[in-house]
Every structure is written in structure tokens, then in C-alpha cells.
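Student: One file is attached below, final-v4.cif, containing mmCIF, C-alpha atoms.
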```cif
data_model
loop_
_atom_site.label_atom_id
_atom_site.label_comp_id
_atom_site.auth_asym_id
_atom_site.auth_seq_id
_atom_site.Cartn_x
_atom_site.Cartn_y
_atom_site.Cartn_z
CA MET W 1 32.46 142.51 93.67
CA ALA W 2 35.75 142.49 95.58
CA ALA W 3 34.82 139.21 97.31
CA GLN W 4 34.25 137.58 93.90
CA ALA W 5 37.82 138.29 92.72
CA PRO W 6 39.58 135.47 94.66
CA VAL W 7 36.86 133.00 93.56
CA LYS W 8 37.35 134.02 89.93
CA LYS W 9 41.11 133.74 90.31
CA LYS W 10 40.77 130.27 91.83
CA ARG W 11 38.47 129.17 88.99
CA LYS W 12 40.95 130.44 86.42
CA GLY W 13 43.74 128.55 88.21
CA ILE W 14 41.73 125.30 88.13
CA LEU W 15 40.90 125.80 84.46
CA GLY W 16 44.55 126.50 83.62
CA THR W 17 45.71 123.38 85.50
CA LEU W 18 43.07 121.21 83.79
CA ALA W 19 44.12 122.61 80.40
CA LEU W 20 47.79 121.86 81.10
CA VAL W 21 47.01 118.26 82.17
CA ALA W 22 44.80 117.65 79.12
CA ILE W 23 47.43 119.14 76.79
CA LEU W 24 50.17 116.91 78.24
CA ILE W 25 47.96 113.80 77.92
CA GLY W 26 47.06 114.92 74.39
CA LEU W 27 50.75 115.28 73.48
CA TYR W 28 51.43 111.76 74.75
CA TRP W 29 48.59 110.33 72.65
CA SER W 30 49.45 112.41 69.58
CA LEU W 31 53.21 111.84 69.52
CA ILE W 32 53.66 108.44 71.17
CA ALA W 33 50.48 106.36 71.54
CA ALA W 34 48.84 107.01 68.15
CA PRO W 35 50.20 104.94 65.27
CA PRO W 36 51.69 106.58 62.15
CA ASP W 37 49.33 106.95 59.19
CA ALA W 38 49.46 104.14 56.59
CA TYR W 39 49.99 106.60 53.71
CA GLN W 40 51.46 109.76 55.21
CA GLY W 41 53.56 108.20 57.96
CA GLU W 42 54.62 110.31 60.96
CA VAL W 43 53.76 113.66 59.35
CA GLN W 44 50.05 112.93 59.79
CA ARG W 45 50.58 113.66 63.53
CA ILE W 46 50.19 117.34 62.59
CA MET W 47 46.47 116.53 62.30
CA TYR W 48 46.26 116.39 66.13
CA LEU W 49 47.13 120.09 66.14
CA HIS W 50 45.53 121.16 62.88
CA LEU W 51 41.96 120.03 63.45
CA PRO W 52 41.66 121.11 67.13
CA SER W 53 43.14 124.53 66.35
CA ILE W 54 40.74 125.31 63.47
CA LEU W 55 37.73 124.01 65.45
CA THR W 56 38.80 126.23 68.36
CA ALA W 57 39.09 129.18 65.97
CA TYR W 58 35.56 128.46 64.66
CA LEU W 59 34.24 128.34 68.24
CA SER W 60 35.95 131.65 68.89
CA TYR W 61 34.34 133.31 65.87
CA PHE W 62 30.99 131.85 66.89
CA LEU W 63 31.40 133.65 70.22
CA VAL W 64 32.34 136.84 68.31
CA PHE W 65 29.13 136.37 66.31
CA ILE W 66 27.00 135.86 69.43
CA GLY W 67 28.70 138.65 71.41
CA SER W 68 28.42 141.06 68.48
CA GLY W 69 24.75 140.27 67.89
CA MET W 70 23.95 140.65 71.59
CA TYR W 71 25.86 143.95 71.74
CA LEU W 72 23.97 145.40 68.78
CA TRP W 73 20.71 144.29 70.38
CA LYS W 74 21.22 145.18 74.05
CA ARG W 75 24.28 147.49 74.01
CA GLU W 76 25.80 145.81 77.04
CA LYS W 77 29.54 146.29 77.42
CA ARG W 78 30.15 142.69 78.55
CA ASP W 79 28.96 141.34 75.17
CA ASP W 80 31.36 143.64 73.36
CA ILE W 81 34.22 142.58 75.66
CA LEU W 82 33.39 138.92 74.94
CA ALA W 83 33.37 139.52 71.16
CA HIS W 84 36.61 141.51 71.23
CA SER W 85 38.37 138.91 73.43
CA ALA W 86 37.19 135.97 71.33
CA ALA W 87 38.28 137.72 68.09
CA GLU W 88 41.83 138.19 69.36
CA ILE W 89 42.20 134.52 70.37
CA GLY W 90 40.45 133.39 67.17
CA VAL W 91 43.09 135.24 65.13
CA LEU W 92 45.86 133.42 67.03
CA PHE W 93 44.32 129.99 66.38
CA THR W 94 43.56 130.75 62.72
CA ALA W 95 47.14 131.90 62.11
CA LEU W 96 48.44 128.74 63.80
CA THR W 97 46.11 126.58 61.69
CA ILE W 98 47.48 128.15 58.51
CA ILE W 99 51.09 127.65 59.66
CA GLU W 100 50.52 123.99 60.65
CA GLY W 101 48.63 123.40 57.39
CA SER W 102 51.49 124.94 55.45
CA ILE W 103 54.04 122.60 57.07
CA TRP W 104 51.75 119.61 56.51
CA GLY W 105 51.14 120.73 52.90
CA ARG W 106 54.88 120.96 52.23
CA THR W 107 55.34 117.31 53.16
CA THR W 108 52.22 115.87 51.50
CA TRP W 109 51.58 118.17 48.50
CA GLY W 110 55.16 119.39 48.00
CA VAL W 111 54.24 123.09 48.40
CA TRP W 112 54.05 125.46 51.39
CA TRP W 113 51.03 127.25 49.93
CA THR W 114 48.56 126.89 47.08
CA TRP W 115 45.53 129.02 46.15
CA ASP W 116 43.16 126.18 46.94
CA ALA W 117 39.58 127.23 47.82
CA ARG W 118 39.73 126.09 51.44
CA LEU W 119 43.17 127.58 52.08
CA THR W 120 42.25 130.87 50.42
CA LEU W 121 38.96 131.17 52.34
CA THR W 122 40.79 130.44 55.62
CA ALA W 123 43.35 133.15 54.79
CA ILE W 124 40.42 135.51 54.09
CA LEU W 125 38.92 134.56 57.48
CA LEU W 126 42.21 135.52 59.14
CA LEU W 127 42.32 138.83 57.25
CA ILE W 128 38.72 139.65 58.21
CA TYR W 129 39.43 139.27 61.92
CA VAL W 130 42.83 140.97 61.75
CA GLY W 131 40.83 143.77 60.09
CA TYR W 132 38.33 143.58 62.96
CA LEU W 133 41.11 144.12 65.53
CA MET W 134 42.66 146.92 63.48
CA LEU W 135 39.31 148.63 62.97
CA ARG W 136 38.69 148.60 66.72
CA SER W 137 42.09 150.04 67.50
CA LEU W 138 41.75 152.78 64.85
CA ILE W 139 38.38 154.18 66.00
CA GLU W 140 38.92 156.32 69.11
CA ASP W 141 35.29 156.49 70.23
CA GLU W 142 34.76 153.24 72.18
CA ASP W 143 31.05 152.91 71.38
CA ARG W 144 31.55 153.53 67.66
CA ALA W 145 34.43 151.04 67.62
CA ALA W 146 32.21 148.46 69.32
CA VAL W 147 29.37 148.94 66.82
CA ALA W 148 31.67 148.84 63.77
CA GLY W 149 33.42 145.76 65.19
CA ALA W 150 30.10 144.05 65.88
CA VAL W 151 28.94 144.54 62.28
CA LEU W 152 32.24 143.17 60.90
CA GLY W 153 32.23 140.34 63.47
CA ILE W 154 28.81 139.18 62.24
CA ILE W 155 29.66 139.49 58.53
CA GLY W 156 33.00 137.73 59.00
CA PHE W 157 31.33 134.69 60.52
CA LEU W 158 29.61 134.00 57.17
CA ASP W 159 33.00 132.85 55.82
CA ILE W 160 32.99 129.76 58.07
CA PRO W 161 30.19 127.80 56.32
CA LEU W 162 31.92 128.66 53.02
CA ILE W 163 35.20 127.21 54.34
CA HIS W 164 33.47 124.03 55.51
CA MET W 165 31.58 123.53 52.24
CA SER W 166 34.46 124.60 49.95
CA VAL W 167 35.79 121.03 49.64
CA TYR W 168 32.39 119.89 48.35
CA TRP W 169 31.63 122.86 46.10
CA TRP W 170 35.00 123.21 44.36
CA ARG W 171 37.73 120.82 43.23
CA THR W 172 40.31 121.35 45.93
CA LEU W 173 43.71 119.95 46.84
CA HIS W 174 42.59 119.96 50.47
CA GLN W 175 40.97 116.67 51.40
CA PRO W 176 37.27 116.48 52.32
CA PRO W 177 36.50 116.05 56.03
CA SER W 178 37.51 112.73 57.63
CA ILE W 179 35.81 113.36 60.97
CA LEU W 180 32.86 115.68 60.36
CA ARG W 181 31.39 113.70 57.46
CA PRO W 182 27.64 113.64 56.89
CA ASP W 183 27.67 110.01 55.61
CA LYS W 184 29.88 108.29 58.22
CA ALA W 185 30.38 108.39 61.98
CA PRO W 186 33.95 109.45 62.97
CA TRP W 187 34.76 106.01 64.48
CA GLU W 188 33.87 104.30 61.17
CA ASN W 189 36.44 106.34 59.28
CA VAL W 190 39.35 106.84 61.68
CA HIS W 191 41.40 104.30 63.67
CA PRO W 192 40.14 104.28 67.33
CA THR W 193 43.60 105.17 68.72
CA MET W 194 43.88 108.09 66.29
CA LEU W 195 40.36 109.22 67.17
CA THR W 196 41.18 109.04 70.91
CA ALA W 197 44.34 111.13 70.36
CA LEU W 198 42.31 113.65 68.39
CA VAL W 199 39.52 113.88 70.98
CA ILE W 200 41.98 114.32 73.89
CA SER W 201 43.91 116.92 71.92
CA PHE W 202 40.68 118.77 71.16
CA ILE W 203 39.66 118.71 74.84
CA GLY W 204 43.09 120.18 75.71
CA PHE W 205 42.64 122.93 73.12
CA LEU W 206 39.12 123.68 74.38
CA LEU W 207 40.23 123.98 78.01
CA LEU W 208 43.20 126.11 76.96
CA TYR W 209 40.87 128.26 74.87
CA PHE W 210 38.50 128.95 77.76
CA TYR W 211 41.46 129.68 80.03
CA LEU W 212 42.87 132.20 77.54
CA LEU W 213 39.39 133.66 77.03
CA SER W 214 38.91 134.13 80.78
CA LEU W 215 42.24 135.98 81.00
CA ARG W 216 41.51 138.13 77.92
CA TYR W 217 37.98 138.87 79.15
CA GLY W 218 39.43 139.94 82.53
CA LEU W 219 41.77 142.29 80.69
CA GLY W 220 38.84 143.76 78.74
CA GLU W 221 36.83 144.23 81.93
CA THR W 222 39.74 145.96 83.69
CA ARG W 223 40.27 148.32 80.73
CA ALA W 224 36.54 149.13 80.72
CA GLN W 225 36.71 149.94 84.45
CA ILE W 226 39.71 152.24 83.87
CA ARG W 227 37.86 154.10 81.11
CA ALA W 228 34.71 154.45 83.20
CA ARG W 229 36.68 155.80 86.20
CA ARG W 230 38.58 158.26 84.02
CA LEU W 231 35.35 159.53 82.47
CA GLU W 232 33.90 159.94 85.95
CA GLN W 233 36.97 161.88 87.12
CA GLU W 234 36.92 164.13 84.04
CA SER W 235 33.26 164.95 84.52
CA MET A 1 64.25 117.65 56.97
CA GLY A 2 62.73 114.27 57.89
CA PRO A 3 59.07 113.65 58.81
CA TRP A 4 59.75 114.04 62.55
CA GLY A 5 61.51 117.33 61.77
CA PHE A 6 58.32 118.71 60.21
CA VAL A 7 56.22 117.38 63.10
CA GLY A 8 58.64 118.98 65.59
CA LEU A 9 58.55 122.26 63.67
CA ALA A 10 54.72 122.36 63.68
CA TYR A 11 54.41 121.44 67.37
CA GLY A 12 57.25 123.83 68.33
CA ILE A 13 55.70 126.80 66.50
CA VAL A 14 52.20 126.15 67.86
CA TRP A 15 53.12 125.64 71.51
CA GLY A 16 55.80 128.35 71.38
CA ALA A 17 53.30 130.89 70.02
CA ILE A 18 50.65 129.90 72.57
CA VAL A 19 53.10 130.23 75.49
CA ILE A 20 54.28 133.65 74.22
CA TYR A 21 50.65 134.81 73.85
CA LEU A 22 49.79 133.51 77.34
CA PHE A 23 52.68 135.41 78.95
CA SER A 24 51.93 138.59 76.98
CA LEU A 25 48.29 138.33 78.05
CA LYS A 26 49.28 137.96 81.72
CA ARG A 27 51.62 140.96 81.46
CA ARG A 28 48.93 143.11 79.79
CA TYR A 29 46.47 142.07 82.51
CA GLN A 30 48.92 142.99 85.28
CA ASP A 31 49.68 146.35 83.59
CA ALA A 32 45.95 147.07 83.40
CA GLN A 33 45.48 146.14 87.09
CA THR A 34 48.32 148.51 88.05
CA GLU A 35 46.75 151.27 85.96
CA LEU A 36 43.36 150.66 87.59
CA ALA A 37 44.91 150.87 91.06
CA ARG A 38 46.57 154.17 90.06
CA VAL A 39 43.26 155.60 88.78
CA GLU A 40 41.49 154.49 91.98
CA LEU A 41 44.21 156.09 94.11
CA ARG A 42 43.81 159.35 92.16
CA GLU A 43 40.07 159.18 92.83
CA VAL A 44 40.59 158.68 96.58
CA THR A 45 43.15 161.49 96.70
CA ALA A 46 40.79 163.84 94.86
CA SER A 47 37.89 163.06 97.23
CA ASN A 48 40.17 163.58 100.28
CA VAL A 49 41.23 166.97 98.95
CA LYS A 50 37.56 167.94 98.53
CA THR A 51 36.68 166.96 102.10
#
```
Let me see the file written as C-alpha cells.

Tutor:
Amino acid sequence: MAAQAPVKKKRKGILGTLALVAILIGLYWSLIAAPPDAYQGEVQRIMYLHLPSILTAYLSYFLVFIGSGMYLWKREKRDDILAHSAAEIGVLFTALTIIEGSIWGRTTWGVWWTWDARLTLTAILLLIYVGYLMLRSLIEDEDRAAVAGAVLGIIGFLDIPLIHMSVYWWRTLHQPPSILRPDKAPWENVHPTMLTALVISFIGFLLLYFYLLSLRYGLGETRAQIRARRLEQES
Amino acid sequence: MGPWGFVGLAYGIVWGAIVIYLFSLKRRYQDAQTELARVELREVTASNVKT
């Protein structure tokens, strides 16, 4: 166990460096190499943050869903730590998505916020997982907190298909997907340079996400070790 | 504010928040490691007292 620690630390360092490099390349492509949008002009560059951050948040909640399901099934602490860690980072990326969207909305729609179906459902998603974190911190018994969190983590994930389909099911101000369209491949709908900027940005977000997750998971593991040792000492 | 102002605002908020979260995460991790070392030390001290 002790011999694994330097290896883990080295892996985290490599992941962090790769994330930093990908983010810097992504920034170059997003802010310099990619052309401005024909209709929206320079403001469309917010897309290179907006789409990767919401996709990263979805990935995070998917991991909450998997970790929660596995915890309810097998009751292994590592699954709960994964779910808890992913929920915290998911909240960060969802909040950032809403903020970026709000700035983008102000310039294209003329308002910071509107009760559009997609925006409202995304705000609900954020509230669900803020609730998840609050619920976990309010319940003192660790096992009960983990079970309650797992149930909420699974239920909360059901909001994501609703968010994705909201632009088809309701008349919304938010545009339908440009990239994840069922009828067209991404390269048929988006300029290749813009698509490259988006893909590199997304890779940067993904690497950053897994770096943050590895740090947050390490924190969860350490806290679990402290609790276990304390229980041992008390008994 | 011009278009680049809004772009700068969005990028500044996002990367600023991520950097703050990253540093807070590292600090929390270090605090937890210190706490773990303290608990382990207490354990060793207690077992030494017993023997």
C-alpha cells in the first residue's frame, strides 16, 4: 500500500501536466485559431467552454450514477467515495456551465436568464446535486449518508435525458444541438477549425476532470482511513 | 462591454473558479494527510504505552 503511493502521485502528476498542456492548446485554438462565427461574431467563442463543461458535468453525474448503484448493490466504500467525489466536481462544472451560458445569453438573447426549458432543467440538475452534497453533510452516520446520497444520486441522473431532449420536446430559446445531432455528423454541421477547437477543448476538460477526480478521490480515501482508525481506537 | 469583454469575462470566471477549486482541493487533501498522520501517531503511542 505504502509502495503504491509514489506511483499514484507520479500518475497524478503526469495527468495534471497533460491536462495543462491540452488546456493551453485548447485556449490557443479557441481564442486565436478558430474563426469568429458568421452570425454571432467573437462571442460564439464561449461555446468552446460551454459545451465541454456541460459534457464533463454529464460524465461526472454518470459516474455518480454508477458509483451510487454499485454502492447500493455491493456496499463497498470505494464506490461511495467515487460517487461523492464525482458529485462535487459535477456541481462545479454545472455551475460554470450556467454562468457561461448566462454571459452568452446576455449577448445573443439580450437577457442574463430566462425560464427556458433547458436552462430551468439544468438549474434543477444543479440544485439536485447541491442537495446531494448538503444531504451527505447533514447526516452524521456515514453509512446512512452514503445510502441516502446513492438514492438521490441515481434519481438525479434522470434529469440529464430530460435536459438533452428538452429542445426537441418544448419550444425553447436555447438552440437545438449543433454537434450531437441524430441526423447529421458533427463535421457536416460545424466548420472543421471550429470542430477541432471544440474537440481539443473537450480533451483538455476531460483530462482536467480526471485529474480533479483523482485528487478528490484521494481526499475521500484519506478521510475514510481517518474514520476507520478513529473507530478502531475508540473500540 | 464589447464581444471580447464578454468572452474574457466567461473565460476568466471559468478558469479562475477551476484554479481556486484546485488549490482548495490540494489544501483539503494536505489537511487530511496531516490529520491521518496525527491519528496514526496516536495509535503508535497508545500501543507503546500498552507494551

Student: The PyMOL selection byres ((chain A) within 7 of (chain W)) on the file shown: which residues, as a ChimeraX atom specification?

Tutor: /A:3-4,6-7,10,14,25,29,32-33,36,39

Student: Go ahead and compute the interatomic distance for CA of Ala117 in chain W and CA of Phe62 in chain W, in Å to one decimal.

Tutor: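 So the answer is 21.4 Å.
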
Student: For the structure shown, which residues end up in the PyMOL selection byres ((chain W and resi 91) around 12)? Put them as a ChimeraX atom specification, please?

Tutor: /W:53-54,56-61,64,84-90,92-98,122-134 /A:18,21

Student: Separation of CA of Ala37 in chain A and CA of Ala5 in chain W, in Å?

Tutor: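 Between these atoms lies a distance of 14.5 Å.
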
Student: Take the PyMOL selection byres ((chain W and resi 167) around 12), apply it to the structure above, and return the hits as an mmCIF file with C-alpha atoms, keeping the file's coordinate frame.

Tutor:
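Just written: selection_9.cif:
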```
data_model
loop_
_atom_site.group_PDB
_atom_site.id
_atom_site.type_symbol
_atom_site.label_atom_id
_atom_site.label_comp_id
_atom_site.auth_asym_id
_atom_site.auth_seq_id
_atom_site.Cartn_x
_atom_site.Cartn_y
_atom_site.Cartn_z
ATOM 1 C CA ASP W 116 43.160 126.180 46.940
ATOM 2 C CA ALA W 117 39.580 127.230 47.820
ATOM 3 C CA ARG W 118 39.730 126.090 51.440
ATOM 4 C CA LEU W 119 43.170 127.580 52.080
ATOM 5 C CA THR W 120 42.250 130.870 50.420
ATOM 6 C CA LEU W 121 38.960 131.170 52.340
ATOM 7 C CA PRO W 161 30.190 127.800 56.320
ATOM 8 C CA LEU W 162 31.920 128.660 53.020
ATOM 9 C CA ILE W 163 35.200 127.210 54.340
ATOM 10 C CA HIS W 164 33.470 124.030 55.510
ATOM 11 C CA MET W 165 31.580 123.530 52.240
ATOM 12 C CA SER W 166 34.460 124.600 49.950
ATOM 13 C CA TYR W 168 32.390 119.890 48.350
ATOM 14 C CA TRP W 169 31.630 122.860 46.100
ATOM 15 C CA TRP W 170 35.000 123.210 44.360
ATOM 16 C CA ARG W 171 37.730 120.820 43.230
ATOM 17 C CA THR W 172 40.310 121.350 45.930
ATOM 18 C CA LEU W 173 43.710 119.950 46.840
ATOM 19 C CA HIS W 174 42.590 119.960 50.470
ATOM 20 C CA GLN W 175 40.970 116.670 51.400
ATOM 21 C CA PRO W 176 37.270 116.480 52.320
ATOM 22 C CA PRO W 177 36.500 116.050 56.030
ATOM 23 C CA SER W 178 37.510 112.730 57.630
ATOM 24 C CA ARG W 181 31.390 113.700 57.460
#
```

Student: List the neighbours of Val199 in chain W out to 9 Å using all atoms listed in the file; skip same-chain residues closer than 3 positions along the sequence, and give me the result as number ranges by chain.

Tutor: W: 26, 48, 52, 194-196, 202-204

Student: I'd like the interatomic distance between CA of Ser30 in chain W and CA of Ala197 in chain W, to a tenth of an Å.

Tutor: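 Taking CA of Ser30 in chain W and CA of Ala197 in chain W, their separation equals 5.3 Å.
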